[in-house]
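K.L.:
First, the structure itself, so that you have it in front of you.
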Amino acid sequence: MNIVYVITGLDYGGAETLLVNKAIHLSRNHDVSIISLRTPKALTDELESNGVSVYSLDLTPLKLPAAIGRYRRLIRRLKPDVVHSHLIHANLFTRIAGPGKRSWRLVQTTHGGKEGGHRFLDFLYRITNGIPDFITSVSQEGVEKYRERTRFKGDNITYVINPVNVEKFAPDARIREEVRKELDLNGQFVWLAVGRFFEQKNYPNMIHAFKKVAAEKENARLIIAGKGPDKEAIAGLVSGLELDRQVTLLGVRSDVDRLMKGADAYLMSSAWEGLPIVLLEAAASGLPIVATDVGGNSEVVHSGKNGFLVPSNDSDKLAEAVRKLMELPENELANRARKSRDIVKERFATESVANQLLIIYRGEPIRSEKNIIPST
């Protein structure tokens, strides 16, 4: 098939990582291209080295008509069988840009229950819901939220599980030793968090929880990889709580898989989520997990089996779960690590998810399987 993905932008983030994983995997047997509405900031080298062509519309608010023209010319040249867009701005763009009559299937993916977060954008979704051939969401909650927010009544929507490269994130003792030496982590119990510094990830909740943990656990260490508008505020909070020795902000990293191999456990404090790809990567890395019980997190974290789920925005409960996991015997931690990988290998491996997407791309009937749950 000739598959064209459209996304708002290319940078280090969950939706972008999801897209890159799919595109590279499918490019082994199909022609795959990516169109970025905005000028890409990252990931282009990895995509192009794997045979995935990347195009940019260089969209700005004042250049929408010109971007629509470039998009239509590019689509005519690429001659896709399917166009699959990700994130609200790309979804709305591909609906509005048209053309009205087309020979390809338009598939769209929404990410997270609060995607967009603006009534006007939800209104635009609502009045254009008849345009795409199929809509997917990254979690069952996402399907339900999309129906609620946009008053969607159609049957052409379903939940497709995020894929993860299980082998890329497999534990590796040699890399673990390298990372721990590089970051001076030896002798410490290392918690890793990865994600943008903004409201959704609720890092203040995490930092306040870790303050409680560090007061009792001298060997507790937290490293956070990411960037975002709230990074300086979080750095100030870390200093204000006198956690500079226990908490390290690494900035944006392109080697998240290595960081996960060097960590002992994964920590997530989000206020809301879809089904975060980074949580799947943590599980694939064999990390026990403490996370907030939002979005699709419960599909990855089975409380008491491979980690613990706690209510959102409750730093006391978050700290309690972190301490509880750290106090588990070594053999119990190892059992939770194995369970994390088992969960990912069974339901979230890239191969099986890609096969389910091809069913949608071809317009074939959707079956009830582990990787697709037809909405009700």
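Letters for chains follow the order of the structure tokens (A, B, ...), residue numbers begin at 1 for each chain, and ligand numbers begin at 1 in the order shown.
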Could you give me, as a tab-separated table, a per-residue list for range 259-308 of chain A showing, wherever an atom lies at most 7 Å from an atom of range 197-221 of chain A, the closest pair of atoms and their distance in Å to one decimal, using only C-alpha atoms and sorting by chain then residue number from low to high?
P.N.:
```
residue	atom	partner	partner_atom	distance
A:Ser269	CA	A:Met206	CA	5.6
A:Ser270	CA	A:Lys201	CA	4.0
A:Ala271	CA	A:Gln200	CA	5.3
A:Trp272	CA	A:Gln200	CA	5.9
```
K.L.:
Write a file of the just-selected residues containing C-alpha atoms, as an mmCIF file, in the first residue's frame.
P.N.:
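Dumped everything to result.cif:
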```cif
data_model
loop_
_atom_site.group_PDB
_atom_site.id
_atom_site.type_symbol
_atom_site.label_atom_id
_atom_site.label_comp_id
_atom_site.auth_asym_id
_atom_site.auth_seq_id
_atom_site.Cartn_x
_atom_site.Cartn_y
_atom_site.Cartn_z
ATOM 1 C CA SER A 269 2.013 11.516 37.725
ATOM 2 C CA SER A 270 -0.213 12.628 34.830
ATOM 3 C CA ALA A 271 -3.503 14.446 35.360
ATOM 4 C CA TRP A 272 -4.878 12.896 32.163
#
```
K.L.:
Env of range 71-80 of chain A: 12 Å cut, atoms = only C-alpha atoms, seq-sep filter 4 positions within chain, self excluded. Answer as number ranges by chain.
P.N.:
A: 1-6, 30-37, 53-59, 64-67, 84, 90, 93-106, 361
K.L.:
Dump N, CA and C atoms for the selected residues as a short mmCIF file (atom, residue, chain, number, x, y, z; two decimals), in the first residue's frame?
P.N.:
```
data_model
loop_
_atom_site.label_atom_id
_atom_site.label_comp_id
_atom_site.auth_asym_id
_atom_site.auth_seq_id
_atom_site.Cartn_x
_atom_site.Cartn_y
_atom_site.Cartn_z
N MET A 1 0.84 -1.19 0.00
CA MET A 1 0.00 0.00 0.00
C MET A 1 0.88 1.25 0.00
N ASN A 2 0.30 2.34 -0.45
CA ASN A 2 0.95 3.64 -0.39
C ASN A 2 0.29 4.41 0.75
N ILE A 3 1.01 4.60 1.86
CA ILE A 3 0.46 5.17 3.09
C ILE A 3 1.11 6.52 3.35
N VAL A 4 0.28 7.54 3.56
CA VAL A 4 0.77 8.87 3.91
C VAL A 4 0.25 9.23 5.29
N TYR A 5 1.16 9.50 6.22
CA TYR A 5 0.78 9.97 7.54
C TYR A 5 0.88 11.49 7.59
N VAL A 6 -0.05 12.10 8.29
CA VAL A 6 -0.03 13.55 8.48
C VAL A 6 -0.08 13.83 9.98
N HIS A 30 5.64 -1.55 2.65
CA HIS A 30 4.74 -0.58 2.01
C HIS A 30 5.49 0.72 1.76
N ASP A 31 4.95 1.54 0.85
CA ASP A 31 5.50 2.88 0.63
C ASP A 31 4.91 3.82 1.67
N VAL A 32 5.76 4.41 2.50
CA VAL A 32 5.29 5.24 3.61
C VAL A 32 5.95 6.62 3.55
N SER A 33 5.13 7.65 3.69
CA SER A 33 5.60 9.03 3.75
C SER A 33 4.94 9.72 4.93
N ILE A 34 5.56 10.79 5.41
CA ILE A 34 4.99 11.59 6.49
C ILE A 34 4.97 13.06 6.06
N ILE A 35 3.82 13.70 6.29
CA ILE A 35 3.68 15.13 6.07
C ILE A 35 3.52 15.79 7.43
N SER A 36 4.41 16.72 7.75
CA SER A 36 4.33 17.49 8.99
C SER A 36 3.77 18.87 8.67
N LEU A 37 2.70 19.26 9.38
CA LEU A 37 2.14 20.58 9.14
C LEU A 37 3.16 21.67 9.46
N SER A 53 9.98 8.93 3.68
CA SER A 53 10.15 10.32 3.23
C SER A 53 9.37 11.27 4.13
N VAL A 54 9.95 12.42 4.44
CA VAL A 54 9.32 13.42 5.30
C VAL A 54 9.16 14.72 4.53
N TYR A 55 7.95 15.28 4.56
CA TYR A 55 7.65 16.55 3.91
C TYR A 55 7.09 17.51 4.94
N SER A 56 7.35 18.79 4.75
CA SER A 56 6.83 19.80 5.66
C SER A 56 6.02 20.84 4.89
N LEU A 57 4.88 21.21 5.47
CA LEU A 57 4.05 22.27 4.88
C LEU A 57 4.42 23.64 5.45
N ASP A 58 5.28 23.66 6.48
CA ASP A 58 5.70 24.92 7.11
C ASP A 58 4.51 25.81 7.44
N LEU A 59 3.49 25.20 8.03
CA LEU A 59 2.24 25.90 8.31
C LEU A 59 2.40 26.90 9.45
N LEU A 64 -2.28 29.49 6.10
CA LEU A 64 -3.15 28.32 5.95
C LEU A 64 -3.53 28.05 4.49
N PRO A 65 -4.00 29.06 3.72
CA PRO A 65 -4.36 28.78 2.32
C PRO A 65 -3.19 28.22 1.51
N ALA A 66 -2.00 28.79 1.73
CA ALA A 66 -0.82 28.31 0.99
C ALA A 66 -0.50 26.88 1.39
N ALA A 67 -0.62 26.56 2.68
CA ALA A 67 -0.34 25.21 3.16
C ALA A 67 -1.34 24.20 2.59
N HIS A 84 -3.47 8.91 6.85
CA HIS A 84 -3.75 8.68 8.26
C HIS A 84 -3.17 9.84 9.06
N ALA A 90 -3.82 18.30 12.88
CA ALA A 90 -3.66 17.56 11.63
C ALA A 90 -4.98 16.92 11.20
N PHE A 93 -7.08 19.69 9.83
CA PHE A 93 -6.49 20.16 8.57
C PHE A 93 -6.84 19.23 7.42
N THR A 94 -6.68 17.91 7.61
CA THR A 94 -6.95 16.98 6.52
C THR A 94 -8.43 16.92 6.18
N ARG A 95 -9.29 17.22 7.15
CA ARG A 95 -10.73 17.30 6.84
C ARG A 95 -11.03 18.54 6.00
N ILE A 96 -10.47 19.67 6.41
CA ILE A 96 -10.77 20.94 5.74
C ILE A 96 -10.06 21.05 4.39
N ALA A 97 -8.83 20.54 4.32
CA ALA A 97 -8.03 20.69 3.10
C ALA A 97 -8.59 19.87 1.95
N GLY A 98 -9.35 18.82 2.28
CA GLY A 98 -9.98 18.04 1.23
C GLY A 98 -8.99 17.25 0.38
N PRO A 99 -9.30 17.10 -0.89
CA PRO A 99 -10.47 17.64 -1.59
C PRO A 99 -11.75 16.87 -1.26
N GLY A 100 -12.88 17.41 -1.72
CA GLY A 100 -14.17 16.79 -1.43
C GLY A 100 -14.28 15.39 -2.00
N LYS A 101 -13.83 15.20 -3.22
CA LYS A 101 -13.82 13.89 -3.85
C LYS A 101 -12.39 13.36 -3.83
N ARG A 102 -12.23 12.13 -3.32
CA ARG A 102 -10.89 11.57 -3.22
C ARG A 102 -10.94 10.07 -3.48
N SER A 103 -9.81 9.55 -3.87
CA SER A 103 -9.71 8.12 -4.18
C SER A 103 -9.08 7.34 -3.03
N TRP A 104 -8.66 8.01 -1.99
CA TRP A 104 -8.00 7.35 -0.87
C TRP A 104 -8.89 7.35 0.36
N ARG A 105 -8.57 6.44 1.31
CA ARG A 105 -9.27 6.41 2.59
C ARG A 105 -8.61 7.40 3.54
N LEU A 106 -9.43 8.13 4.28
CA LEU A 106 -8.93 9.05 5.29
C LEU A 106 -9.19 8.44 6.66
N TYR A 361 -7.02 0.19 7.04
CA TYR A 361 -6.60 0.86 5.82
C TYR A 361 -7.27 0.27 4.58
#
```
K.L.:
Determine which residues of range 101-186 of chain A DSSP labels as alpha helix (DSSP H) from the backbone of this structure, then write them out as a PyMOL selection string.
P.N.:
chain A and resi 119-127+140-150+173-182
K.L.:
Write down as a ChimeraX atom specification the residues belonging to range 12-196 of chain A that are assigned strand (DSSP E or B) by DSSP computed on the backbone.
P.N.:
/A:31-36,53-56,82-86,105-110,134-137,157-160,164,189-194
K.L.:
Tell me, as a list in words, which residues lie within 7 Å of Asp293 in chain A, counting only C-alpha atoms; anything in the same chain fewer than 6 positions away does not count.
P.N.:
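That gives Leu309, Val310, Pro311 and Ser312 of chain A.
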K.L.:
For Pro163 in chain A, which residue out of A:Ile277, A:Val252, A:Val300, A:Leu92 is the nearest one, using only C-alpha atoms?
P.N.:
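That would be A:Ile277, the residue with the smallest distance to Pro163 in chain A.
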K.L.:
Please provide the set of residues having any atom within 8 Å of Val143 in chain A, restricted to only C-alpha atoms, with same-chain residues fewer than 5 positions apart removed, written as a list in words.
P.N.:
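That gives Thr136, Ser137, Ile157, Thr158, Tyr159 and Ser375 of chain A.
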K.L.:
Got a sec: who's within 7 Å of range 302-306 of chain A, counting only C-alpha atoms, leaving out chain neighbours fewer than 3 positions off, as an NGL selection string?
P.N.:
:A and (288-289 or 298 or 309 or 336-337 or 339-340)
K.L.:
Could you save those same residues with C-alpha atoms as an mmCIF file, in the first residue's frame?
P.N.:
```cif
data_model
loop_
_atom_site.group_PDB
_atom_site.id
_atom_site.type_symbol
_atom_site.label_atom_id
_atom_site.label_comp_id
_atom_site.auth_asym_id
_atom_site.auth_seq_id
_atom_site.Cartn_x
_atom_site.Cartn_y
_atom_site.Cartn_z
ATOM 1 C CA PRO A 288 7.878 -1.947 37.597
ATOM 2 C CA ILE A 289 5.646 1.133 37.414
ATOM 3 C CA SER A 298 -4.661 0.647 33.772
ATOM 4 C CA LEU A 309 -2.000 2.727 40.293
ATOM 5 C CA ARG A 336 6.995 -7.354 38.536
ATOM 6 C CA ALA A 337 9.640 -6.586 35.941
ATOM 7 C CA LYS A 339 5.139 -9.156 34.302
ATOM 8 C CA SER A 340 5.625 -5.723 32.710
#
```
K.L.:
As an exercise, work out the distance from CA of Arg149 in chain A to CA of Gly228 in chain A in Å and give it to one decimal place.
P.N.:
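Going from CA of Arg149 in chain A over to CA of Gly228 in chain A, I get 26.8 Å.
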K.L.:
Using only C-alpha atoms, which protein or nucleic acid residues come within 12 Å of Thr44 in chain A? Drop anything in the same chain fewer than 2 positions from it, and give the result as a list in words.
P.N.:
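Residues meeting the cut-off are Gly9, Leu10, Asp11, Tyr12, Glu16, Thr17, Leu19, Val20, Ala23, Ile24, Ser33, Ile34, Ile35, Ser36, Thr39, Pro40, Lys41, Ala42, Glu46, Leu47, Glu48, Ser49, Asn50, Gly51, Val52, Ser53, Val54, Tyr55 and Ser56 of chain A.
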K.L.:
Neighbours of range 323-327 of chain A within 8 Å (only C-alpha atoms; same-chain residues fewer than 3 positions away dropped), as number ranges by chain?
P.N.:
A: 189, 213, 217, 307-308, 319-320, 333
